[in-house]
file data12.txt (compact mmCIF, C-alpha atoms)
# COMPACT_ATOMS: atom_id res chain seq x y z
CA MET A 1222 107.50 90.30 81.86
CA ILE A 1223 109.24 91.23 85.11
CA SER A 1224 107.65 93.61 87.59
CA PRO A 1225 108.91 97.20 87.32
CA LEU A 1226 109.95 96.94 90.96
CA SER A 1227 111.48 93.46 90.88
CA ALA A 1228 114.99 94.85 91.24
CA TYR A 1229 114.00 96.64 94.39
CA GLY A 1230 110.66 95.74 95.94
CA ALA A 1231 111.47 92.32 97.32
CA ALA A 1232 114.24 93.71 99.48
CA ALA A 1233 112.29 96.68 100.82
CA GLN A 1234 111.47 96.41 104.53
CA ARG A 1235 109.12 99.38 104.67
CA PRO A 1236 107.36 101.61 102.16
CA LYS A 1237 109.66 104.37 100.95
CA THR A 1238 108.43 107.88 101.63
CA VAL A 1239 107.87 110.13 98.62
CA VAL A 1240 107.12 113.82 98.02
CA ILE A 1241 105.65 114.65 94.61
CA ALA A 1242 106.41 118.17 93.38
CA ASP A 1243 104.56 119.05 90.16
CA ASP A 1244 102.45 122.06 89.22
CA SER A 1245 99.78 119.83 87.63
CA VAL A 1246 97.07 118.53 89.97
CA VAL A 1247 96.36 115.76 87.46
CA VAL A 1248 99.99 114.61 87.36
CA ARG A 1249 100.32 114.71 91.15
CA GLY A 1250 97.19 112.61 91.52
CA LEU A 1251 98.27 110.14 88.85
CA PHE A 1252 101.73 109.64 90.34
CA ALA A 1253 100.27 109.28 93.84
CA ARG A 1254 97.80 106.64 92.67
CA TRP A 1255 100.50 104.62 90.90
CA LEU A 1256 102.77 104.76 93.94
CA GLY A 1257 99.96 103.72 96.26
CA GLU A 1258 98.97 100.80 94.04
CA SER A 1259 102.58 99.58 93.96
CA GLY A 1260 102.54 98.91 97.69
CA GLN A 1261 106.19 99.94 97.92
CA PHE A 1262 105.82 103.69 98.48
CA HIS A 1263 104.03 106.06 100.82
CA VAL A 1264 103.33 109.57 99.51
CA VAL A 1265 103.75 111.86 102.51
CA ALA A 1266 103.12 115.18 100.74
CA VAL A 1267 102.63 116.89 97.40
CA ALA A 1268 103.73 120.32 96.22
CA GLY A 1269 102.73 122.56 93.32
CA ASP A 1270 105.80 124.81 93.39
CA GLY A 1271 109.46 124.70 94.35
CA GLU A 1272 109.11 126.70 97.55
CA THR A 1273 106.61 124.21 98.98
CA ALA A 1274 108.82 121.33 97.82
CA VAL A 1275 111.72 122.75 99.84
CA ALA A 1276 109.50 123.08 102.92
CA HIS A 1277 108.28 119.49 102.56
CA ALA A 1278 111.84 118.24 102.19
CA GLY A 1279 112.80 119.82 105.50
CA ARG A 1280 109.68 118.61 107.30
CA PHE A 1281 109.34 115.05 106.02
CA GLN A 1282 112.94 114.10 105.07
CA PRO A 1283 111.53 111.83 102.31
CA ASP A 1284 113.44 108.93 100.83
CA VAL A 1285 112.62 110.17 97.33
CA MET A 1286 111.23 113.30 95.69
CA VAL A 1287 109.73 113.49 92.21
CA LEU A 1288 110.68 117.00 91.09
CA ASP A 1289 109.12 118.73 88.10
CA LEU A 1290 111.45 121.23 86.45
CA ASP A 1291 108.69 123.52 85.13
CA MET A 1292 106.87 125.01 88.12
CA PRO A 1293 105.70 128.56 88.90
CA GLY A 1294 107.76 130.79 91.15
CA VAL A 1295 110.73 128.75 92.32
CA ASP A 1296 111.15 126.09 89.64
CA GLY A 1297 112.65 122.65 90.10
CA ALA A 1298 116.17 123.62 89.10
CA ALA A 1299 116.26 126.50 91.57
CA ALA A 1300 114.68 124.40 94.32
CA LEU A 1301 117.07 121.44 93.92
CA PRO A 1302 120.06 122.76 95.94
CA GLN A 1303 117.73 123.97 98.70
CA ILE A 1304 115.99 120.58 98.83
CA LEU A 1305 119.29 118.75 99.16
CA LYS A 1306 120.41 121.20 101.84
CA GLU A 1307 117.23 120.56 103.84
CA SER A 1308 117.28 116.78 103.27
CA PRO A 1309 120.68 115.54 101.99
CA ARG A 1310 119.61 111.88 101.93
CA THR A 1311 116.62 112.44 99.65
CA GLY A 1312 117.04 110.91 96.19
CA ILE A 1313 115.77 113.23 93.45
CA LEU A 1314 114.01 112.00 90.32
CA LEU A 1315 113.58 114.87 87.85
CA ALA A 1316 110.41 114.83 85.77
CA THR A 1317 110.23 116.94 82.63
CA THR A 1318 108.95 117.08 79.08
CA LEU A 1319 111.32 116.20 76.28
CA THR A 1320 112.81 119.46 74.95
CA GLU A 1321 116.37 120.57 74.28
CA ARG A 1322 116.07 123.29 76.91
CA ASN A 1323 114.80 120.91 79.58
CA ALA A 1324 117.44 118.34 78.68
CA ARG A 1325 120.20 120.90 79.27
CA ILE A 1326 118.67 121.96 82.58
CA ALA A 1327 118.15 118.37 83.71
CA LEU A 1328 121.76 117.44 82.95
CA GLU A 1329 122.98 120.46 84.90
CA CYS A 1330 120.78 119.35 87.81
CA MET A 1331 122.26 115.87 87.63
CA THR A 1332 125.72 117.32 88.15
CA LYS A 1333 124.36 119.05 91.27
CA GLY A 1334 122.86 116.01 92.95
CA ALA A 1335 119.74 114.82 91.10
CA MET A 1336 119.98 111.08 90.52
CA ASP A 1337 117.92 110.43 87.39
CA VAL A 1338 115.52 112.00 84.93
CA LEU A 1339 112.10 110.88 83.72
CA SER A 1340 110.87 112.11 80.35
CA LYS A 1341 107.14 112.90 80.60
CA PRO A 1342 104.85 112.40 77.57
CA ASP A 1343 103.78 115.57 75.78
CA SER A 1344 100.12 115.11 76.72
CA ARG A 1345 98.41 114.09 79.93
CA GLY A 1346 96.43 111.56 77.93
CA GLY A 1347 99.64 109.95 76.75
CA MET A 1348 100.86 109.83 80.33
CA THR A 1349 97.64 108.26 81.60
CA LEU A 1350 97.40 105.61 78.90
CA SER A 1351 101.06 104.63 78.57
CA LEU A 1352 101.88 101.45 80.44
CA ASP A 1353 105.52 101.86 79.40
CA PHE A 1354 105.67 105.29 81.05
CA ARG A 1355 104.12 103.97 84.25
CA SER A 1356 106.61 101.08 84.32
CA GLU A 1357 109.53 103.42 83.71
CA PHE A 1358 108.33 105.79 86.44
CA LEU A 1359 108.06 103.02 89.03
CA LEU A 1360 111.34 101.41 87.97
CA LYS A 1361 113.31 104.65 88.18
CA LEU A 1362 111.79 105.54 91.54
CA GLY A 1363 112.51 102.03 92.81
CA ASN A 1364 116.12 102.29 91.65
CA ILE A 1365 116.60 105.55 93.51
CA ALA A 1366 114.79 104.41 96.64
CA GLN A 1367 116.66 101.15 97.03
CA THR A 1368 118.82 100.82 100.12
CA PRO A 1369 122.40 100.89 98.82
CA VAL A 1370 124.58 97.86 99.50
CA ARG A 1371 127.37 99.18 101.64
CA PRO A 1372 131.08 98.46 101.16
CA GLY A 1373 132.16 95.13 102.50
CA SER A 1374 128.75 93.52 102.05
CA LEU A 1375 129.67 91.11 99.28
CA PRO A 1376 128.85 87.56 100.33
CA PRO A 1377 131.96 85.87 101.75
CA GLU A 1378 131.65 82.96 99.31
CA VAL A 1379 132.22 85.29 96.34
CA ASP A 1380 135.82 84.74 95.25
CA LEU A 1381 136.99 87.71 93.22
CA ASP A 1382 139.81 87.74 90.70
CA CYS A 1383 140.78 91.30 91.65
CA PRO A 1384 141.11 93.29 94.88
CA LEU A 1385 138.15 95.51 95.79
CA THR A 1386 140.38 98.54 96.02
CA GLY A 1387 141.86 97.80 92.61
CA PRO A 1388 145.39 98.56 91.46
CA VAL A 1389 145.87 102.15 90.40
CA ASN A 1390 148.65 100.89 88.12
CA LEU A 1391 146.86 99.33 85.14
CA LYS A 1392 150.07 98.46 83.33
CA PRO A 1393 150.17 94.76 84.38
CA LEU A 1394 146.58 94.27 83.21
CA VAL A 1395 147.09 94.94 79.50
CA SER A 1396 149.13 93.26 76.80
CA VAL A 1397 148.92 96.05 74.21
CA MET A 1398 148.30 99.76 74.43
CA PRO A 1399 144.52 100.38 74.48
CA ARG A 1400 143.39 102.79 71.76
CA TYR A 1401 139.64 102.62 72.35
CA LEU A 1402 137.94 103.48 75.64
CA MET A 1403 134.44 101.99 76.02
CA ILE A 1404 132.35 103.46 78.86
CA GLY A 1405 129.00 102.22 80.15
CA ALA A 1406 126.93 104.06 82.77
CA SER A 1407 123.38 104.63 83.97
CA THR A 1408 122.02 106.19 87.18
CA GLY A 1409 124.53 108.77 88.40
CA GLY A 1410 126.47 108.38 85.15
CA PRO A 1411 126.61 111.93 83.76
CA ARG A 1412 128.59 113.22 86.71
CA ALA A 1413 130.80 110.10 86.90
CA VAL A 1414 131.54 110.05 83.17
CA THR A 1415 132.45 113.74 83.13
CA ARG A 1416 134.73 113.30 86.15
CA VAL A 1417 136.63 110.41 84.54
CA LEU A 1418 137.06 112.24 81.23
CA ALA A 1419 138.25 115.40 82.96
CA ASP A 1420 140.80 113.39 84.94
CA ILE A 1421 142.12 111.68 81.81
CA GLY A 1422 142.57 115.15 80.36
CA PRO A 1423 144.86 115.68 77.33
CA ALA A 1424 145.52 111.93 77.11
CA LEU A 1425 142.04 111.65 75.54
CA GLN A 1426 143.73 112.74 72.31
CA ASP A 1427 145.33 109.28 72.22
CA LEU A 1428 141.98 107.50 72.52
CA THR A 1429 138.78 106.97 70.59
CA THR A 1430 136.13 107.12 73.32
CA LEU A 1431 132.64 105.64 73.03
CA ILE A 1432 130.01 106.13 75.74
CA VAL A 1433 126.74 104.34 76.38
CA GLN A 1434 124.81 106.36 78.96
CA HIS A 1435 121.25 105.20 79.60
CA MET A 1436 119.24 108.28 78.58
CA PRO A 1437 116.26 109.10 76.37
CA PRO A 1438 116.58 110.88 73.00
CA VAL A 1439 117.45 114.60 73.09
CA PHE A 1440 119.11 114.14 76.48
CA THR A 1441 122.07 112.28 74.96
CA ALA A 1442 122.67 115.07 72.43
CA SER A 1443 122.62 117.62 75.26
CA PHE A 1444 124.92 115.38 77.30
CA ALA A 1445 127.40 115.30 74.41
CA GLU A 1446 127.30 119.10 74.20
CA GLN A 1447 127.87 119.37 77.94
CA VAL A 1448 130.85 117.02 77.82
CA ALA A 1449 132.39 118.93 74.92
CA ALA A 1450 132.00 122.23 76.76
CA GLN A 1451 133.44 120.94 80.03
CA ILE A 1452 136.22 118.71 78.71
CA GLY A 1453 137.23 120.63 75.60
CA VAL A 1454 137.26 117.51 73.40
CA PRO A 1455 134.99 117.11 70.34
CA THR A 1456 131.96 115.11 71.52
CA ARG A 1457 128.86 114.13 69.55
CA GLU A 1458 126.42 111.40 68.64
CA PRO A 1459 127.88 109.44 65.69
CA PHE A 1460 125.95 108.62 62.55
CA ASP A 1461 125.65 105.09 61.20
CA GLY A 1462 128.76 104.13 59.25
CA GLU A 1463 130.83 107.08 60.47
CA ARG A 1464 134.56 106.41 60.60
CA LEU A 1465 135.64 106.83 64.21
CA SER A 1466 138.51 109.21 64.90
CA ARG A 1467 141.08 109.32 67.65
CA GLY A 1468 140.72 112.32 69.97
CA THR A 1469 136.92 112.34 69.65
CA ILE A 1470 134.24 111.23 72.11
CA TYR A 1471 131.12 109.52 70.77
CA VAL A 1472 127.88 109.23 72.76
CA ALA A 1473 125.26 106.60 71.91
CA PRO A 1474 122.06 108.33 70.72
CA GLY A 1475 119.16 107.92 73.13
CA GLY A 1476 116.85 105.06 72.24
CA ARG A 1477 119.29 103.49 69.74
CA HIS A 1478 122.11 100.98 70.08
CA LEU A 1479 125.70 102.02 69.44
CA GLY A 1480 128.10 99.37 68.20
CA ILE A 1481 131.12 99.22 65.93
CA GLU A 1482 132.08 97.44 62.72
CA ARG A 1483 135.25 97.05 60.72
CA LYS A 1484 134.92 98.22 57.11
CA LEU A 1485 137.74 98.55 54.60
CA GLY A 1486 140.24 98.39 57.43
CA HIS A 1487 138.59 101.15 59.47
CA ILE A 1488 136.46 101.08 62.62
CA VAL A 1489 133.07 102.68 62.01
CA ALA A 1490 130.02 103.33 64.16
CA SER A 1491 127.01 101.05 63.86
CA ILE A 1492 123.69 102.62 64.93
CA SER A 1493 120.67 100.36 65.15
CA ASP A 1494 117.05 100.18 66.27
CA ALA A 1495 117.35 96.53 67.24
CA PRO A 1496 115.27 95.41 70.24
CA PRO A 1497 116.42 96.38 73.74
CA VAL A 1498 119.01 94.17 75.39
CA ARG A 1499 118.28 93.46 79.06
CA PHE A 1500 115.59 96.14 78.81
CA CYS A 1501 118.15 98.73 77.65
CA ARG A 1502 118.53 100.64 74.39
CA PRO A 1503 121.21 101.80 74.02
CA ALA A 1504 122.83 98.84 75.77
CA VAL A 1505 126.38 98.64 77.07
CA ASP A 1506 126.43 94.94 76.21
CA VAL A 1507 125.99 95.72 72.51
CA LEU A 1508 128.99 98.06 72.45
CA PHE A 1509 131.20 95.83 74.59
CA ASN A 1510 130.42 92.66 72.61
CA GLU A 1511 131.22 94.32 69.30
CA ALA A 1512 134.36 95.90 70.73
CA ALA A 1513 135.50 92.46 71.85
CA ARG A 1514 134.87 91.10 68.35
CA HIS A 1515 136.56 93.88 66.37
CA LEU A 1516 139.15 95.39 68.75
CA GLY A 1517 140.22 92.69 71.19
CA PRO A 1518 142.94 93.90 73.58
CA ALA A 1519 143.04 97.32 71.88
CA ALA A 1520 139.82 98.12 73.81
CA LEU A 1521 139.60 99.19 77.43
CA GLY A 1522 136.20 98.71 79.09
CA LEU A 1523 134.91 100.88 81.94
CA VAL A 1524 131.66 100.25 83.83
CA LEU A 1525 130.47 103.11 86.00
CA THR A 1526 127.58 103.65 88.39
CA GLY A 1527 124.15 102.44 87.36
CA MET A 1528 121.25 100.15 88.18
CA GLY A 1529 120.92 96.67 86.73
CA SER A 1530 123.39 94.35 85.02
CA ASP A 1531 123.85 95.88 81.55
CA GLY A 1532 127.49 95.50 80.58
CA THR A 1533 128.18 92.28 82.48
CA GLU A 1534 127.92 89.96 79.48
CA GLY A 1535 129.93 92.36 77.31
CA ALA A 1536 132.59 92.74 79.99
CA GLY A 1537 133.04 88.99 79.93
CA ALA A 1538 133.44 89.08 76.15
CA LEU A 1539 136.07 91.83 76.46
CA ARG A 1540 138.04 89.83 79.02
CA ARG A 1541 137.96 86.71 76.85
CA ALA A 1542 139.22 88.83 73.92
CA GLY A 1543 142.22 89.97 75.98
CA ALA A 1544 140.96 93.42 76.95
CA ALA A 1545 140.99 94.88 80.46
CA VAL A 1546 137.78 95.98 82.20
CA ILE A 1547 137.62 98.53 85.03
CA ALA A 1548 134.64 98.67 87.39
CA GLN A 1549 133.88 101.67 89.59
CA ASP A 1550 134.05 100.76 93.26
CA GLU A 1551 131.00 100.49 95.48
CA ALA A 1552 131.70 103.37 97.85
CA SER A 1553 131.95 105.98 95.09
CA SER A 1554 128.99 104.71 93.02
CA THR A 1555 125.55 106.28 93.19
CA ILE A 1556 124.18 102.77 92.64
CA TRP A 1557 126.55 99.81 92.52
CA GLY A 1558 124.35 97.76 90.22
CA MET A 1559 126.13 97.61 86.88
CA PRO A 1560 129.72 97.68 88.18
CA GLY A 1561 128.80 95.36 91.05
CA SER A 1562 127.34 92.85 88.61
CA VAL A 1563 130.58 92.89 86.61
CA VAL A 1564 132.59 92.34 89.79
CA ARG A 1565 130.39 89.48 90.98
CA ALA A 1566 130.67 87.82 87.58
CA ARG A 1567 134.47 88.03 87.98
CA HIS A 1568 134.82 90.04 84.78
CA ALA A 1569 136.54 93.07 86.36
CA SER A 1570 140.28 93.43 85.92
CA ALA A 1571 140.32 96.16 88.59
CA VAL A 1572 137.81 97.87 90.91
CA ILE A 1573 138.78 101.50 91.39
CA PRO A 1574 137.26 104.54 93.14
CA LEU A 1575 135.85 107.17 90.83
CA ASP A 1576 138.47 109.78 91.71
CA ALA A 1577 141.31 107.40 90.78
CA ILE A 1578 140.00 105.97 87.50
CA GLY A 1579 141.01 108.82 85.21
CA GLY A 1580 144.49 109.07 86.67
CA ALA A 1581 145.01 105.33 86.31
CA ILE A 1582 144.02 105.45 82.63
CA ARG A 1583 146.19 108.50 82.06
CA GLY A 1584 149.14 106.74 83.68
CA LEU A 1585 148.65 103.67 81.50
CA LEU A 1586 148.65 105.75 78.34
CA ARG A 1587 151.77 107.56 79.46
CA GLU A 1588 153.75 104.47 80.48
CA GLY A 1589 152.39 101.90 78.05
CA PRO A 1590 151.94 98.15 78.60
CA PRO A 1591 154.64 95.84 80.01
CA ARG A 1592 157.44 95.04 77.62
call {"tool": "encode", "arguments": {"input": "data12.txt", "output": "structure tokens"}}
result
Amino acid sequence: MISPLSAYGAAAQRPKTVVIADDSVVVRGLFARWLGESGQFHVVAVAGDGETAVAHAGRFQPDVMVLDLDMPGVDGAAALPQILKESPRTGILLATTLTERNARIALECMTKGAMDVLSKPDSRGGMTLSLDFRSEFLLKLGNIAQTPVRPGSLPPEVDLDCPLTGPVNLKPLVSVMPRYLMIGASTGGPRAVTRVLADIGPALQDLTTLIVQHMPPVFTASFAEQVAAQIGVPTREPFDGERLSRGTIYVAPGGRHLGIERKLGHIVASISDAPPVRFCRPAVDVLFNEAARHLGPAALGLVLTGMGSDGTEGAGALRRAGAAVIAQDEASSTIWGMPGSVVRARHASAVIPLDAIGGAIRGLLREGPPR
């Protein structure tokens, strides 16, 4: 089993500074002990309410803050914009119990600058005894605290098949008109996904869109509701065997894989509890691999911001099947892990800034492929 911090710890040159904001003394102490034992973090302060968290952000300018949403007085959601105003470079990990209300609030916070969300067990005993929760906590914090690789830092020996700025005109990259848009995202994904969909706009009616966003259960349902409200396109978690419709957006349910199958001439959703792939469930690789098998060039892959390499293998399968794959560029990514991995594997057809991706897809749908 790999260390929870293997993706980050080896490259760290100094312990990352952390402020823990949680109204529970027990939780604050537990988190502080885990961080201290990791050897990769230094807890500079703790806070039991949002007002104190804001003050600590201004004083300590921490690399990361663990921010509980449910605190007395000024809660985490209200404190978030003030924290980012006081310390714009602080990465925020939201910590909250798994409820529909908290999921909606957390997603709203992620559109305002929070980077990721950690679902806390219902009981303190469950939190204390769960090795999986501890691993997830350290992994998410490590992801946020990592020093981003800046633009231009790709090793010179890496020979890419596409320019790093990427062509905005996607027309030369496809042989047939894509009818299915497959999106994979993780850290920073909710905001990036929503931006792309909004920029595609009415052209979404010409696509069947499937999204794998790394999120726990309940959060994905709330994310689907948020997308539907903001974009004005029907968006939901599909059920197993559901026939997929054009003009609808489908979000992989948290904790379950989303794939596709062809039955009686129709493309249907395949929902499974199969083991995680590259430590992810849902996994982008599962969706991309099945899209390559059943859709070929009729699929268009898109890999957005996120930590890790989920989607790289599937992107390769899509390319071999004749489909195009877009990767978000480094400068506009919260974390250039997933899209960067696709680029380094030479599976990206184009590398495009976030604010140009939707327009490029819209233009392709309007103009069609080369004749």
call {"tool": "residues_around", "arguments": {"input": "data12.txt", "residues": "Lys1361 in chain A", "least_positions_apart": "2", "cutoff": "8 Å", "atoms": "all atoms listed in the file", "output": "list in words"}}
result
Leu1314, Asp1337, Leu1339, Glu1357, Phe1358, Leu1359, Gly1363, Asn1364 and Ile1365 of chain A
call {"tool": "atom_distance", "arguments": {"input": "data12.txt", "atom1": "CA of Ile1582 in chain A", "atom2": "CA of Leu1391 in chain A"}}
result
7.2 Å
call {"tool": "closest_residue", "arguments": {"input": "data12.txt", "among": "A:Val1239, A:Ile1313, A:Ala1536, A:Val1247", "to": "Pro1283 in chain A", "atoms": "all atoms listed in the file"}}
result
A:Val1239
call {"tool": "atom_distance", "arguments": {"input": "data12.txt", "atom1": "CA of Asp1270 in chain A", "atom2": "CA of Ile1304 in chain A"}}
result
12.3 Å
call {"tool": "closest_residue", "arguments": {"input": "data12.txt", "among": "A:Ser1245, A:Val1395, A:Phe1354, A:Thr1429", "to": "Ile1547 in chain A", "atoms": "only C-alpha atoms"}}
result
A:Val1395
call {"tool": "residues_around", "arguments": {"input": "data12.txt", "residues": "Gln1549 in chain A", "least_positions_apart": "4", "cutoff": "6 Å", "atoms": "only C-alpha atoms", "output": "list in words"}}
result
Leu1525, Pro1560, Val1572, Ile1573, Pro1574 and Leu1575 of chain A
call {"tool": "atom_distance", "arguments": {"input": "data12.txt", "atom1": "CA of Thr1238 in chain A", "atom2": "CA of Met1528 in chain A"}}
result
20.1 Å
call {"tool": "axis_aligned_box", "arguments": {"input": "data12.txt", "around": "range 1248-1261 of chain A", "padding_each_side": "8 Å", "output": "JSON"}}
result
{"center_x": 101.7, "center_y": 106.8, "center_z": 92.6, "size_x": 25.0, "size_y": 31.8, "size_z": 26.6}
